[in-house]
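Undergrad: Input structure: protein_39.txt, which contains compact mmCIF, C-alpha atoms.
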# COMPACT_ATOMS: atom_id res chain seq x y z
CA MET A 730 98.95 122.42 116.68
CA THR A 731 100.64 122.05 120.04
CA ARG A 732 102.46 125.18 121.18
CA HIS A 733 106.15 124.95 121.90
CA ASP A 734 108.52 127.03 124.00
CA SER A 735 112.19 127.67 123.47
CA LYS A 736 112.81 125.47 126.51
CA ASP A 737 111.87 122.50 124.32
CA LEU A 738 115.11 123.03 122.39
CA ARG A 739 118.28 121.05 122.89
CA ALA A 740 121.77 122.57 122.66
CA ASN A 741 122.56 123.98 119.21
CA GLU A 742 119.17 123.21 117.74
CA VAL A 743 118.12 125.96 115.37
CA VAL A 744 114.69 127.47 114.94
CA ILE A 745 113.41 129.78 112.26
CA ASP A 746 110.18 131.68 112.03
CA PRO A 747 108.76 129.65 109.16
CA PRO A 748 106.70 131.25 106.45
CA LYS A 749 102.96 130.88 106.78
CA ALA A 750 101.40 127.84 105.15
CA ARG A 751 100.41 128.57 101.58
CA ASP A 752 97.44 127.41 99.53
CA ALA A 753 97.89 123.68 100.01
CA GLY A 754 95.36 122.40 102.47
CA LEU A 755 95.13 118.76 103.38
CA MET A 756 92.07 116.70 104.07
CA PHE A 757 92.15 113.81 106.49
CA VAL A 758 90.80 110.67 104.85
CA GLY A 759 90.74 108.56 107.99
CA LEU A 760 92.56 107.66 111.18
CA VAL A 761 95.56 105.48 111.96
CA ARG A 762 94.93 103.25 114.95
CA THR A 763 97.99 101.81 116.70
CA PRO A 764 98.65 100.33 120.15
CA PHE A 765 100.92 103.34 120.80
CA THR A 766 98.77 105.66 122.91
CA THR A 767 101.61 107.86 124.19
CA ARG A 768 104.81 109.09 122.56
CA ASP A 769 106.90 106.95 124.90
CA LEU A 770 105.14 103.86 123.62
CA CYS A 771 105.95 104.68 119.97
CA PRO A 772 109.00 102.84 118.65
CA ARG A 773 111.52 104.92 116.71
CA GLN A 774 110.89 102.78 113.69
CA GLY A 775 108.01 100.50 112.84
CA ARG A 776 108.73 96.84 112.20
CA LEU A 777 107.10 94.69 109.57
CA ASP A 778 106.78 92.00 112.25
CA GLY A 779 105.33 94.46 114.76
CA PRO A 780 101.78 94.62 116.12
CA ASP A 781 98.72 94.86 113.89
CA CYS A 782 97.62 98.44 113.25
CA ARG A 783 94.51 99.74 111.51
CA LEU A 784 93.99 102.29 108.75
CA GLU A 785 90.35 103.32 109.21
CA LEU A 786 89.03 105.15 106.17
CA GLU A 787 86.16 107.62 106.35
CA PRO A 788 83.04 106.29 104.59
CA ASP A 789 83.45 108.65 101.61
CA TRP A 790 86.77 107.06 100.74
CA GLU A 791 86.03 103.37 101.32
CA SER A 792 85.64 102.55 97.66
CA ALA A 793 89.03 104.13 96.93
CA LEU A 794 90.47 100.92 98.45
CA GLU A 795 89.14 98.82 95.60
CA GLY A 796 91.89 96.63 94.18
CA ILE A 797 94.34 97.27 97.01
CA GLU A 798 94.32 93.64 98.19
CA ARG A 799 96.69 92.63 95.43
CA PHE A 800 99.56 94.59 96.98
CA ASP A 801 101.66 93.18 99.80
CA HIS A 802 103.27 96.46 100.74
CA LEU A 803 101.92 100.00 100.86
CA ASP A 804 103.30 103.49 101.41
CA VAL A 805 101.22 105.22 104.09
CA LEU A 806 101.28 108.99 104.58
CA TYR A 807 99.93 110.55 107.75
CA TRP A 808 99.92 113.89 109.52
CA LEU A 809 102.12 114.14 112.62
CA HIS A 810 99.73 116.54 114.24
CA GLU A 811 101.70 117.00 117.46
CA SER A 812 105.01 117.96 115.86
CA ARG A 813 106.60 121.38 115.85
CA ARG A 814 107.54 122.62 112.39
CA ASP A 815 110.27 125.20 112.84
CA LEU A 816 113.46 123.21 113.53
CA VAL A 817 116.15 123.46 110.85
CA ALA A 818 118.88 121.63 112.77
CA GLN A 819 118.16 119.00 115.39
CA SER A 820 120.14 117.17 118.05
CA PRO A 821 118.63 113.69 118.33
CA ARG A 822 121.23 112.57 120.88
CA ASN A 823 120.96 115.81 122.84
CA ASP A 824 124.77 116.00 122.85
CA GLY A 825 125.30 119.37 121.19
CA THR A 826 125.89 117.91 117.73
CA THR A 827 123.20 118.66 115.19
CA THR A 828 122.01 117.33 111.88
CA GLY A 829 119.83 119.09 109.32
CA THR A 830 116.13 118.27 109.47
CA PHE A 831 116.10 116.87 105.92
CA ALA A 832 118.90 114.43 106.82
CA LEU A 833 116.71 112.98 109.61
CA ARG A 834 113.45 111.05 109.65
CA SER A 835 112.38 112.88 112.82
CA PRO A 836 108.67 113.78 113.03
CA VAL A 837 109.78 117.38 113.51
CA ARG A 838 109.89 118.92 110.02
CA PRO A 839 108.39 121.86 108.14
CA ASN A 840 105.63 119.65 106.80
CA PRO A 841 105.19 116.93 109.42
CA ILE A 842 104.12 114.22 107.00
CA GLY A 843 104.99 110.75 108.23
CA LEU A 844 105.82 108.05 105.69
CA SER A 845 105.88 104.35 106.51
CA ARG A 846 106.19 101.36 104.29
CA VAL A 847 103.79 98.79 105.73
CA ARG A 848 102.77 95.20 105.09
CA LEU A 849 99.11 94.71 104.23
CA ILE A 850 97.67 91.85 106.26
CA ARG A 851 94.02 92.09 105.19
CA ARG A 852 91.14 94.40 104.38
CA GLU A 853 87.91 94.54 106.38
CA GLY A 854 85.61 96.88 104.46
CA PRO A 855 86.82 100.44 105.12
CA VAL A 856 89.69 99.20 107.31
CA LEU A 857 93.13 97.92 106.36
CA ILE A 858 95.03 95.83 108.89
CA VAL A 859 98.75 96.51 108.45
CA LYS A 860 102.11 96.03 110.19
CA GLY A 861 105.07 98.41 110.27
CA LEU A 862 103.73 101.64 111.74
CA ASP A 863 105.36 103.60 114.54
CA CYS A 864 103.00 106.55 114.96
CA LEU A 865 100.69 107.59 117.77
CA ASP A 866 97.21 106.15 117.96
CA LYS A 867 94.61 108.39 116.24
CA THR A 868 97.10 110.01 113.87
CA PRO A 869 95.21 111.55 110.91
CA LEU A 870 95.60 109.59 107.69
CA LEU A 871 96.52 111.43 104.47
CA ASP A 872 97.18 108.88 101.75
CA ILE A 873 97.81 105.24 100.87
CA LYS A 874 99.80 104.21 97.78
CA PRO A 875 100.91 100.83 96.49
CA GLU A 876 104.63 100.49 97.18
CA ARG A 877 106.49 101.47 94.06
CA CYS A 878 108.67 98.37 93.71
CA ALA A 879 105.64 96.13 93.19
CA TYR A 880 103.73 98.69 91.16
CA THR A 881 103.35 98.87 87.41
CA PRO A 882 101.21 101.73 86.10
CA PRO A 883 98.05 100.29 84.52
CA ALA A 884 98.01 103.07 81.95
CA PRO A 885 100.03 102.52 78.79
CA ASP A 886 103.55 103.96 78.56
CA LYS A 887 103.89 107.51 77.39
CA ALA A 888 106.49 108.63 74.89
CA ALA A 889 108.51 109.98 77.81
CA ASP A 890 108.75 106.48 79.33
CA THR A 891 110.35 104.85 76.33
CA ALA A 892 112.52 107.72 75.11
CA MET B 1382 94.01 124.45 92.11
CA THR B 1383 93.02 123.97 88.52
CA ARG B 1384 89.26 123.73 87.98
CA HIS B 1385 87.89 120.54 86.49
CA ASP B 1386 84.67 119.77 84.68
CA SER B 1387 82.73 116.55 84.56
CA LYS B 1388 83.88 116.20 80.97
CA ASP B 1389 87.35 115.37 82.32
CA LEU B 1390 85.95 112.09 83.62
CA ARG B 1391 86.38 108.75 81.93
CA ALA B 1392 83.72 106.04 81.88
CA ASN B 1393 82.83 104.72 85.35
CA GLU B 1394 85.11 107.09 87.18
CA VAL B 1395 83.52 108.19 90.44
CA VAL B 1396 83.59 111.64 91.98
CA ILE B 1397 82.56 112.73 95.42
CA ASP B 1398 82.22 116.17 96.89
CA PRO B 1399 85.18 115.87 99.25
CA PRO B 1400 85.09 117.43 102.69
CA LYS B 1401 86.82 120.74 103.07
CA ALA B 1402 90.47 120.64 104.04
CA ARG B 1403 90.93 120.66 107.77
CA ASP B 1404 93.58 122.39 109.87
CA ALA B 1405 96.63 120.95 108.17
CA GLY B 1406 98.29 123.57 106.04
CA LEU B 1407 101.44 122.87 104.12
CA MET B 1408 104.34 125.15 103.48
CA PHE B 1409 106.40 124.89 100.36
CA VAL B 1410 110.09 124.60 101.22
CA GLY B 1411 111.37 124.92 97.67
CA LEU B 1412 110.81 123.96 94.07
CA VAL B 1413 111.43 120.79 92.08
CA ARG B 1414 113.08 121.54 88.74
CA THR B 1415 112.82 118.87 86.06
CA PRO B 1416 113.19 118.81 82.25
CA PHE B 1417 109.45 117.95 82.09
CA THR B 1418 107.79 121.24 81.25
CA THR B 1419 104.45 119.79 80.14
CA ARG B 1420 102.42 116.84 81.38
CA ASP B 1421 103.07 114.97 78.13
CA LEU B 1422 106.78 115.18 78.76
CA CYS B 1423 106.46 113.62 82.23
CA PRO B 1424 107.21 109.88 82.31
CA ARG B 1425 104.77 107.70 84.24
CA GLN B 1426 107.58 106.69 86.55
CA GLY B 1427 110.92 108.29 87.23
CA ARG B 1428 114.05 106.29 86.56
CA LEU B 1429 117.14 106.26 88.71
CA ASP B 1430 119.14 106.49 85.48
CA GLY B 1431 116.96 109.33 84.18
CA PRO B 1432 117.92 112.97 83.69
CA ASP B 1433 119.35 115.15 86.44
CA CYS B 1434 116.70 117.08 88.34
CA ARG B 1435 117.10 119.76 91.00
CA LEU B 1436 115.58 120.22 94.43
CA GLU B 1437 115.98 123.96 95.05
CA LEU B 1438 115.46 124.81 98.70
CA GLU B 1439 114.32 128.23 99.84
CA PRO B 1440 117.09 130.09 101.70
CA ASP B 1441 115.43 129.58 105.11
CA TRP B 1442 115.75 125.82 104.79
CA GLU B 1443 119.22 125.48 103.27
CA SER B 1444 120.86 124.46 106.53
CA ALA B 1445 118.28 121.71 106.99
CA LEU B 1446 120.29 119.85 104.31
CA GLU B 1447 123.30 119.52 106.61
CA GLY B 1448 124.47 115.91 106.71
CA ILE B 1449 122.37 114.77 103.78
CA GLU B 1450 125.38 114.00 101.59
CA ARG B 1451 125.92 110.69 103.38
CA PHE B 1452 122.74 109.21 101.94
CA ASP B 1453 122.61 107.72 98.45
CA HIS B 1454 118.82 107.61 98.24
CA LEU B 1455 116.14 110.00 99.48
CA ASP B 1456 112.37 110.05 99.73
CA VAL B 1457 111.07 113.28 98.18
CA LEU B 1458 107.56 114.58 98.84
CA TYR B 1459 106.04 117.26 96.63
CA TRP B 1460 102.68 118.86 95.98
CA LEU B 1461 100.98 117.91 92.72
CA HIS B 1462 99.42 121.31 92.40
CA GLU B 1463 97.58 120.66 89.14
CA SER B 1464 95.75 117.51 90.24
CA ARG B 1465 92.06 117.18 90.93
CA ARG B 1466 91.31 115.70 94.35
CA ASP B 1467 87.83 114.21 94.17
CA LEU B 1468 88.25 110.92 92.27
CA VAL B 1469 87.51 107.78 94.30
CA ALA B 1470 87.69 105.31 91.40
CA GLN B 1471 89.82 105.90 88.32
CA SER B 1472 90.15 104.35 84.90
CA PRO B 1473 93.80 104.65 83.90
CA ARG B 1474 93.30 102.74 80.66
CA ASN B 1475 90.09 104.62 79.85
CA ASP B 1476 88.44 101.27 79.10
CA GLY B 1477 85.55 101.36 81.56
CA THR B 1478 87.32 99.31 84.22
CA THR B 1479 88.19 101.21 87.36
CA THR B 1480 90.52 100.85 90.30
CA GLY B 1481 90.32 102.60 93.66
CA THR B 1482 92.46 105.70 94.04
CA PHE B 1483 94.46 104.20 96.92
CA ALA B 1484 95.38 101.18 94.77
CA LEU B 1485 96.97 103.53 92.21
CA ARG B 1486 99.94 105.86 92.25
CA SER B 1487 98.09 108.35 90.07
CA PRO B 1488 98.67 112.03 90.88
CA VAL B 1489 94.90 112.34 91.28
CA ARG B 1490 94.18 111.67 94.98
CA PRO B 1491 92.52 113.40 97.92
CA ASN B 1492 95.85 114.77 99.07
CA PRO B 1493 97.93 115.06 95.91
CA ILE B 1494 101.27 114.44 97.56
CA GLY B 1495 103.81 112.91 95.22
CA LEU B 1496 106.43 110.54 96.60
CA SER B 1497 109.55 109.54 94.72
CA ARG B 1498 112.57 107.62 95.81
CA VAL B 1499 115.53 109.40 94.20
CA ARG B 1500 119.26 108.96 93.93
CA LEU B 1501 121.31 111.83 95.32
CA ILE B 1502 124.02 112.82 92.86
CA ARG B 1503 125.45 115.85 94.68
CA ARG B 1504 124.67 118.93 96.70
CA GLU B 1505 125.37 122.47 95.54
CA GLY B 1506 124.57 124.71 98.51
CA PRO B 1507 120.77 124.97 98.70
CA VAL B 1508 120.32 122.66 95.71
CA LEU B 1509 120.32 118.87 95.52
CA ILE B 1510 120.95 117.25 92.14
CA VAL B 1511 118.97 113.99 92.00
CA LYS B 1512 117.75 111.36 89.55
CA GLY B 1513 114.44 109.48 89.58
CA LEU B 1514 111.74 112.16 89.46
CA ASP B 1515 108.77 112.18 87.10
CA CYS B 1516 106.95 115.37 88.09
CA LEU B 1517 106.35 118.61 86.24
CA ASP B 1518 108.96 121.33 86.33
CA LYS B 1519 108.31 123.85 89.16
CA THR B 1520 106.38 121.44 91.34
CA PRO B 1521 106.34 122.75 94.94
CA LEU B 1522 108.62 120.80 97.29
CA LEU B 1523 107.26 119.61 100.65
CA ASP B 1524 109.84 117.38 102.27
CA ILE B 1525 113.04 115.37 101.87
CA LYS B 1526 113.84 112.35 104.04
CA PRO B 1527 116.70 109.86 103.99
CA GLU B 1528 115.43 106.61 102.51
CA ARG B 1529 114.47 104.30 105.34
CA CYS B 1530 116.51 101.26 104.31
CA ALA B 1531 119.79 103.11 104.72
CA TYR B 1532 118.64 105.05 107.76
CA THR B 1533 119.42 104.33 111.40
CA PRO B 1534 117.93 106.78 113.88
CA PRO B 1535 120.77 108.66 115.56
CA ALA B 1536 118.81 108.84 118.82
CA PRO B 1537 119.18 105.92 121.20
CA ASP B 1538 116.58 103.13 121.14
CA LYS B 1539 113.48 103.62 123.20
CA ALA B 1540 111.98 100.86 125.34
CA ALA B 1541 109.38 100.36 122.60
CA ASP B 1542 112.11 99.49 120.09
CA THR B 1543 113.58 96.63 122.04
CA ALA B 1544 110.41 95.19 123.56
Represent the supplied structure as structure tokens.

TA:
Amino acid sequence: MTRHDSKDLRANEVVIDPPKARDAGLMFVGLVRTPFTTRDLCPRQGRLDGPDCRLELEPDWESALEGIERFDHLDVLYWLHESRRDLVAQSPRNDGTTTGTFALRSPVRPNPIGLSRVRLIRREGPVLIVKGLDCLDKTPLLDIKPERCAYTPPAPDKAADTA
Amino acid sequence: MTRHDSKDLRANEVVIDPPKARDAGLMFVGLVRTPFTTRDLCPRQGRLDGPDCRLELEPDWESALEGIERFDHLDVLYWLHESRRDLVAQSPRNDGTTTGTFALRSPVRPNPIGLSRVRLIRREGPVLIVKGLDCLDKTPLLDIKPERCAYTPPAPDKAADTA
């Protein structure tokens, strides 16, 4: 993780000394490839009519894509590997006013997991071509899920679903 | 993590020996409290008119909730701590047909991060009362984000947003 100094802070931003990570390790299942090779080139929010991006799965996980073509929209989770993790209150406008981290979609958060809803354009083997991302090129990929609105669980209902 | 035997597998489900987790440790920022104290009691999908659930933040992170009351809907990320992580193809109906893990919203995935869109009912200090969760009681909480549809970044646009 990139190291950060207190000089990175804006007025009134609040830092804590966060507890050490506990027993939940992630594995990277691939890489996100975008045209955004520097932070300045990243938009604040991805657009579903934006440039094509690529979700490149590692070979082990290619067959986990089976059946994904029938979904138009996906939730993509990725690891914002350059983000600091200790800000509780942030000042996005750098004007002295702050907002709590959980009321922002800033990449700076205790667990810097990015979440984008993307449009699936096509699959090419272990690669999905999608639109709607805003993250840096080469961001580690964590997970892909069908977007919930279009998703019906293939397993039968449980008692708890019909109660 | 719970240990799993090959006898947990259904017909045609595929297991790999996944790579070890790499350099991305998570920290739990609180606990999710639901009425679902066993897996059988968990619905397959949460309902926005379901029972009240609680997101209980650890004291360090309470002030990261500042400003969250203005959002009706939140994305909640949590750690499905009882899930196995090595299934590439799954058979939700247990009928011999399989679907790739990334084309399912099953809790069984390489990084068992649950994602629910919830309705915020109210805040009580370090606790958010929400509806729409389907996870086990005492699931570790990873992150809370305002739902994207209602969210406008408070920071000014960057060149990449208006290009």

Undergrad: As a PyMOL selection string, please: the residues near B:Asp1476 (cut-off 10 Å, only C-alpha atoms, same-chain neighbours under 2 positions excluded).

TA: chain B and resi 1391-1393+1472-1474+1478-1479

Undergrad: Using all atoms listed in the file, what table do you get, as JSON lines, when you list each residue of chain B with an atom no more than 8 Å from chain A, its nearest pair of atoms, and their distance in Å rounded to one decimal, rows by chain then rising number?

TA:
{"residue": "B:Ile1397", "atom": "CA", "partner": "A:Asp789", "partner_atom": "CA", "distance": 7.5}
{"residue": "B:Pro1399", "atom": "CA", "partner": "A:Asp789", "partner_atom": "CA", "distance": 7.8}
{"residue": "B:Pro1400", "atom": "CA", "partner": "A:Met756", "partner_atom": "CA", "distance": 7.2}
{"residue": "B:Lys1401", "atom": "CA", "partner": "A:Met756", "partner_atom": "CA", "distance": 6.7}
{"residue": "B:Ala1402", "atom": "CA", "partner": "A:Met756", "partner_atom": "CA", "distance": 4.3}
{"residue": "B:Arg1403", "atom": "CA", "partner": "A:Met756", "partner_atom": "CA", "distance": 5.5}
{"residue": "B:Asp1404", "atom": "CA", "partner": "A:Leu755", "partner_atom": "CA", "distance": 7.6}
{"residue": "B:Ala1405", "atom": "CA", "partner": "A:Leu755", "partner_atom": "CA", "distance": 5.5}
{"residue": "B:Gly1406", "atom": "CA", "partner": "A:Gly754", "partner_atom": "CA", "distance": 4.8}
{"residue": "B:Leu1407", "atom": "CA", "partner": "A:Ala750", "partner_atom": "CA", "distance": 5.1}
{"residue": "B:Met1408", "atom": "CA", "partner": "A:Ala750", "partner_atom": "CA", "distance": 4.3}
{"residue": "B:Phe1409", "atom": "CA", "partner": "A:Arg751", "partner_atom": "CA", "distance": 7.1}
{"residue": "B:Val1410", "atom": "CA", "partner": "A:Pro839", "partner_atom": "CA", "distance": 7.6}
{"residue": "B:Asp1421", "atom": "CA", "partner": "A:Ala889", "partner_atom": "CA", "distance": 7.4}
{"residue": "B:Leu1422", "atom": "CA", "partner": "A:Ala889", "partner_atom": "CA", "distance": 5.6}
{"residue": "B:Cys1423", "atom": "CA", "partner": "A:Ala889", "partner_atom": "CA", "distance": 6.1}
{"residue": "B:Pro1424", "atom": "CA", "partner": "A:Ala889", "partner_atom": "CA", "distance": 4.7}
{"residue": "B:Arg1425", "atom": "CA", "partner": "A:Asp890", "partner_atom": "CA", "distance": 6.4}
{"residue": "B:Gln1426", "atom": "CA", "partner": "A:Asp890", "partner_atom": "CA", "distance": 7.3}
{"residue": "B:Asp1441", "atom": "CA", "partner": "A:Ile745", "partner_atom": "CA", "distance": 7.4}
{"residue": "B:Trp1442", "atom": "CA", "partner": "A:Val817", "partner_atom": "CA", "distance": 6.5}
{"residue": "B:Ser1444", "atom": "CA", "partner": "A:Gly829", "partner_atom": "CA", "distance": 6.1}
{"residue": "B:Ala1445", "atom": "CA", "partner": "A:Gly829", "partner_atom": "CA", "distance": 3.8}
{"residue": "B:Leu1446", "atom": "CA", "partner": "A:Gly829", "partner_atom": "CA", "distance": 5.1}
{"residue": "B:Glu1447", "atom": "CA", "partner": "A:Gly829", "partner_atom": "CA", "distance": 4.4}
{"residue": "B:Gly1448", "atom": "CA", "partner": "A:Ala832", "partner_atom": "CA", "distance": 5.8}
{"residue": "B:Ile1449", "atom": "CA", "partner": "A:Ala832", "partner_atom": "CA", "distance": 4.6}
{"residue": "B:Trp1460", "atom": "CA", "partner": "A:Ala753", "partner_atom": "CA", "distance": 7.9}
{"residue": "B:Val1469", "atom": "CA", "partner": "A:Ala793", "partner_atom": "CA", "distance": 4.7}
{"residue": "B:Ala1470", "atom": "CA", "partner": "A:Ala793", "partner_atom": "CA", "distance": 5.8}
{"residue": "B:Pro1473", "atom": "CA", "partner": "A:Ala884", "partner_atom": "CA", "distance": 4.9}
{"residue": "B:Arg1474", "atom": "CA", "partner": "A:Ala884", "partner_atom": "CA", "distance": 4.9}
{"residue": "B:Thr1480", "atom": "CA", "partner": "A:Glu795", "partner_atom": "CA", "distance": 5.8}
{"residue": "B:Gly1481", "atom": "CA", "partner": "A:Ala793", "partner_atom": "CA", "distance": 3.8}
{"residue": "B:Thr1482", "atom": "CA", "partner": "A:Ala793", "partner_atom": "CA", "distance": 4.8}
{"residue": "B:Phe1483", "atom": "CA", "partner": "A:Ile873", "partner_atom": "CA", "distance": 5.3}
{"residue": "B:Ala1484", "atom": "CA", "partner": "A:Ile797", "partner_atom": "CA", "distance": 4.6}
{"residue": "B:Leu1485", "atom": "CA", "partner": "A:Lys874", "partner_atom": "CA", "distance": 6.3}
{"residue": "B:Arg1486", "atom": "CA", "partner": "A:Lys874", "partner_atom": "CA", "distance": 5.8}
{"residue": "B:Arg1490", "atom": "CA", "partner": "A:Asp872", "partner_atom": "CA", "distance": 7.9}
{"residue": "B:Pro1491", "atom": "CA", "partner": "A:Met756", "partner_atom": "CA", "distance": 7.0}
{"residue": "B:Asn1492", "atom": "CA", "partner": "A:Leu755", "partner_atom": "CA", "distance": 5.9}
{"residue": "B:Leu1523", "atom": "CA", "partner": "A:Asn840", "partner_atom": "CA", "distance": 6.4}
{"residue": "B:Asp1524", "atom": "CA", "partner": "A:Asn840", "partner_atom": "CA", "distance": 6.6}
{"residue": "B:Ile1525", "atom": "CA", "partner": "A:Phe831", "partner_atom": "CA", "distance": 5.3}
{"residue": "B:Lys1526", "atom": "CA", "partner": "A:Phe831", "partner_atom": "CA", "distance": 5.4}
{"residue": "B:Pro1527", "atom": "CA", "partner": "A:Ala832", "partner_atom": "CA", "distance": 5.8}
{"residue": "B:Pro1534", "atom": "CA", "partner": "A:Arg773", "partner_atom": "CA", "distance": 7.2}
{"residue": "B:Pro1535", "atom": "CA", "partner": "A:Pro821", "partner_atom": "CA", "distance": 6.1}
{"residue": "B:Ala1536", "atom": "CA", "partner": "A:Pro821", "partner_atom": "CA", "distance": 4.9}
{"residue": "B:Pro1537", "atom": "CA", "partner": "A:Arg822", "partner_atom": "CA", "distance": 7.0}
{"residue": "B:Asp1538", "atom": "CA", "partner": "A:Arg773", "partner_atom": "CA", "distance": 7.0}
{"residue": "B:Lys1539", "atom": "CA", "partner": "A:Pro772", "partner_atom": "CA", "distance": 6.4}
{"residue": "B:Ala1540", "atom": "CA", "partner": "A:Pro772", "partner_atom": "CA", "distance": 7.6}
{"residue": "B:Ala1541", "atom": "CA", "partner": "A:Pro772", "partner_atom": "CA", "distance": 4.7}
{"residue": "B:Asp1542", "atom": "CA", "partner": "A:Pro772", "partner_atom": "CA", "distance": 4.8}

Undergrad: Write the residues you've just listed into a file as a PDB file, in the frame of the given file, and include C-alpha atoms for each of them.

TA:
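This went into result.pdb:
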ATOM      1  CA  ILE B1397      82.560 112.730  95.420  1.00  0.00           C
ATOM      2  CA  PRO B1399      85.180 115.870  99.250  1.00  0.00           C
ATOM      3  CA  PRO B1400      85.090 117.430 102.690  1.00  0.00           C
ATOM      4  CA  LYS B1401      86.820 120.740 103.070  1.00  0.00           C
ATOM      5  CA  ALA B1402      90.470 120.640 104.040  1.00  0.00           C
ATOM      6  CA  ARG B1403      90.930 120.660 107.770  1.00  0.00           C
ATOM      7  CA  ASP B1404      93.580 122.390 109.870  1.00  0.00           C
ATOM      8  CA  ALA B1405      96.630 120.950 108.170  1.00  0.00           C
ATOM      9  CA  GLY B1406      98.290 123.570 106.040  1.00  0.00           C
ATOM     10  CA  LEU B1407     101.440 122.870 104.120  1.00  0.00           C
ATOM     11  CA  MET B1408     104.340 125.150 103.480  1.00  0.00           C
ATOM     12  CA  PHE B1409     106.400 124.890 100.360  1.00  0.00           C
ATOM     13  CA  VAL B1410     110.090 124.600 101.220  1.00  0.00           C
ATOM     14  CA  ASP B1421     103.070 114.970  78.130  1.00  0.00           C
ATOM     15  CA  LEU B1422     106.780 115.180  78.760  1.00  0.00           C
ATOM     16  CA  CYS B1423     106.460 113.620  82.230  1.00  0.00           C
ATOM     17  CA  PRO B1424     107.210 109.880  82.310  1.00  0.00           C
ATOM     18  CA  ARG B1425     104.770 107.700  84.240  1.00  0.00           C
ATOM     19  CA  GLN B1426     107.580 106.690  86.550  1.00  0.00           C
ATOM     20  CA  ASP B1441     115.430 129.580 105.110  1.00  0.00           C
ATOM     21  CA  TRP B1442     115.750 125.820 104.790  1.00  0.00           C
ATOM     22  CA  SER B1444     120.860 124.460 106.530  1.00  0.00           C
ATOM     23  CA  ALA B1445     118.280 121.710 106.990  1.00  0.00           C
ATOM     24  CA  LEU B1446     120.290 119.850 104.310  1.00  0.00           C
ATOM     25  CA  GLU B1447     123.300 119.520 106.610  1.00  0.00           C
ATOM     26  CA  GLY B1448     124.470 115.910 106.710  1.00  0.00           C
ATOM     27  CA  ILE B1449     122.370 114.770 103.780  1.00  0.00           C
ATOM     28  CA  TRP B1460     102.680 118.860  95.980  1.00  0.00           C
ATOM     29  CA  VAL B1469      87.510 107.780  94.300  1.00  0.00           C
ATOM     30  CA  ALA B1470      87.690 105.310  91.400  1.00  0.00           C
ATOM     31  CA  PRO B1473      93.800 104.650  83.900  1.00  0.00           C
ATOM     32  CA  ARG B1474      93.300 102.740  80.660  1.00  0.00           C
ATOM     33  CA  THR B1480      90.520 100.850  90.300  1.00  0.00           C
ATOM     34  CA  GLY B1481      90.320 102.600  93.660  1.00  0.00           C
ATOM     35  CA  THR B1482      92.460 105.700  94.040  1.00  0.00           C
ATOM     36  CA  PHE B1483      94.460 104.200  96.920  1.00  0.00           C
ATOM     37  CA  ALA B1484      95.380 101.180  94.770  1.00  0.00           C
ATOM     38  CA  LEU B1485      96.970 103.530  92.210  1.00  0.00           C
ATOM     39  CA  ARG B1486      99.940 105.860  92.250  1.00  0.00           C
ATOM     40  CA  ARG B1490      94.180 111.670  94.980  1.00  0.00           C
ATOM     41  CA  PRO B1491      92.520 113.400  97.920  1.00  0.00           C
ATOM     42  CA  ASN B1492      95.850 114.770  99.070  1.00  0.00           C
ATOM     43  CA  LEU B1523     107.260 119.610 100.650  1.00  0.00           C
ATOM     44  CA  ASP B1524     109.840 117.380 102.270  1.00  0.00           C
ATOM     45  CA  ILE B1525     113.040 115.370 101.870  1.00  0.00           C
ATOM     46  CA  LYS B1526     113.840 112.350 104.040  1.00  0.00           C
ATOM     47  CA  PRO B1527     116.700 109.860 103.990  1.00  0.00           C
ATOM     48  CA  PRO B1534     117.930 106.780 113.880  1.00  0.00           C
ATOM     49  CA  PRO B1535     120.770 108.660 115.560  1.00  0.00           C
ATOM     50  CA  ALA B1536     118.810 108.840 118.820  1.00  0.00           C
ATOM     51  CA  PRO B1537     119.180 105.920 121.200  1.00  0.00           C
ATOM     52  CA  ASP B1538     116.580 103.130 121.140  1.00  0.00           C
ATOM     53  CA  LYS B1539     113.480 103.620 123.200  1.00  0.00           C
ATOM     54  CA  ALA B1540     111.980 100.860 125.340  1.00  0.00           C
ATOM     55  CA  ALA B1541     109.380 100.360 122.600  1.00  0.00           C
ATOM     56  CA  ASP B1542     112.110  99.490 120.090  1.00  0.00           C
TER      57      ASP B1542
END

Undergrad: Kindly give the distance, in Å, that separates atom CA of A:Arg783 and atom CA of A:Thr767, rounded to a single decimal.

TA: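 Rounded to one decimal, the two atoms are 16.6 Å apart.
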
Undergrad: Please report the interatomic distance between atom CA of B:Leu1438 and atom CA of A:Thr868 in Å with one decimal.

TA: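 Calculated distance between atom CA of B:Leu1438 and atom CA of A:Thr868 is 28.0 Å.
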
Undergrad: Axis-aligned box over every listed atom of stretch 869-881 of chain A, padded by 5 Å per side: centre and edges in Å to one decimal, as AutoDock Vina command-line options?

TA:
--center_x 101.9 --center_y 103.8 --center_z 99.2 --size_x 23.5 --size_y 25.4 --size_z 33.5

Undergrad: Which is closest to A:Asp866 among A:Asp801, A:Glu811, A:Asp778, A:Glu787, if we use only C-alpha atoms?

TA: A:Glu811

Undergrad: Considering all atoms listed in the file, can you say which of B:Gly1506, B:Leu1522, B:Val1511, B:Cys1516 comes closest to B:Pro1432?

TA: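 Closest to B:Pro1432, using all atoms listed in the file: B:Val1511.
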
Undergrad: Can you work out the spacing between atom CA of A:Arg813 and atom CA of A:Glu742 in Å, to one decimal?

TA: 12.8 Å

Undergrad: For B:Glu1437, work out the shell of residues within 6 Å, counting only C-alpha atoms and skipping chain neighbours fewer than 6 positions away, then give it as a list in words.

TA: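 Non-adjacent residues within range: Gly1411, Leu1412 and Val1508 of chain B.
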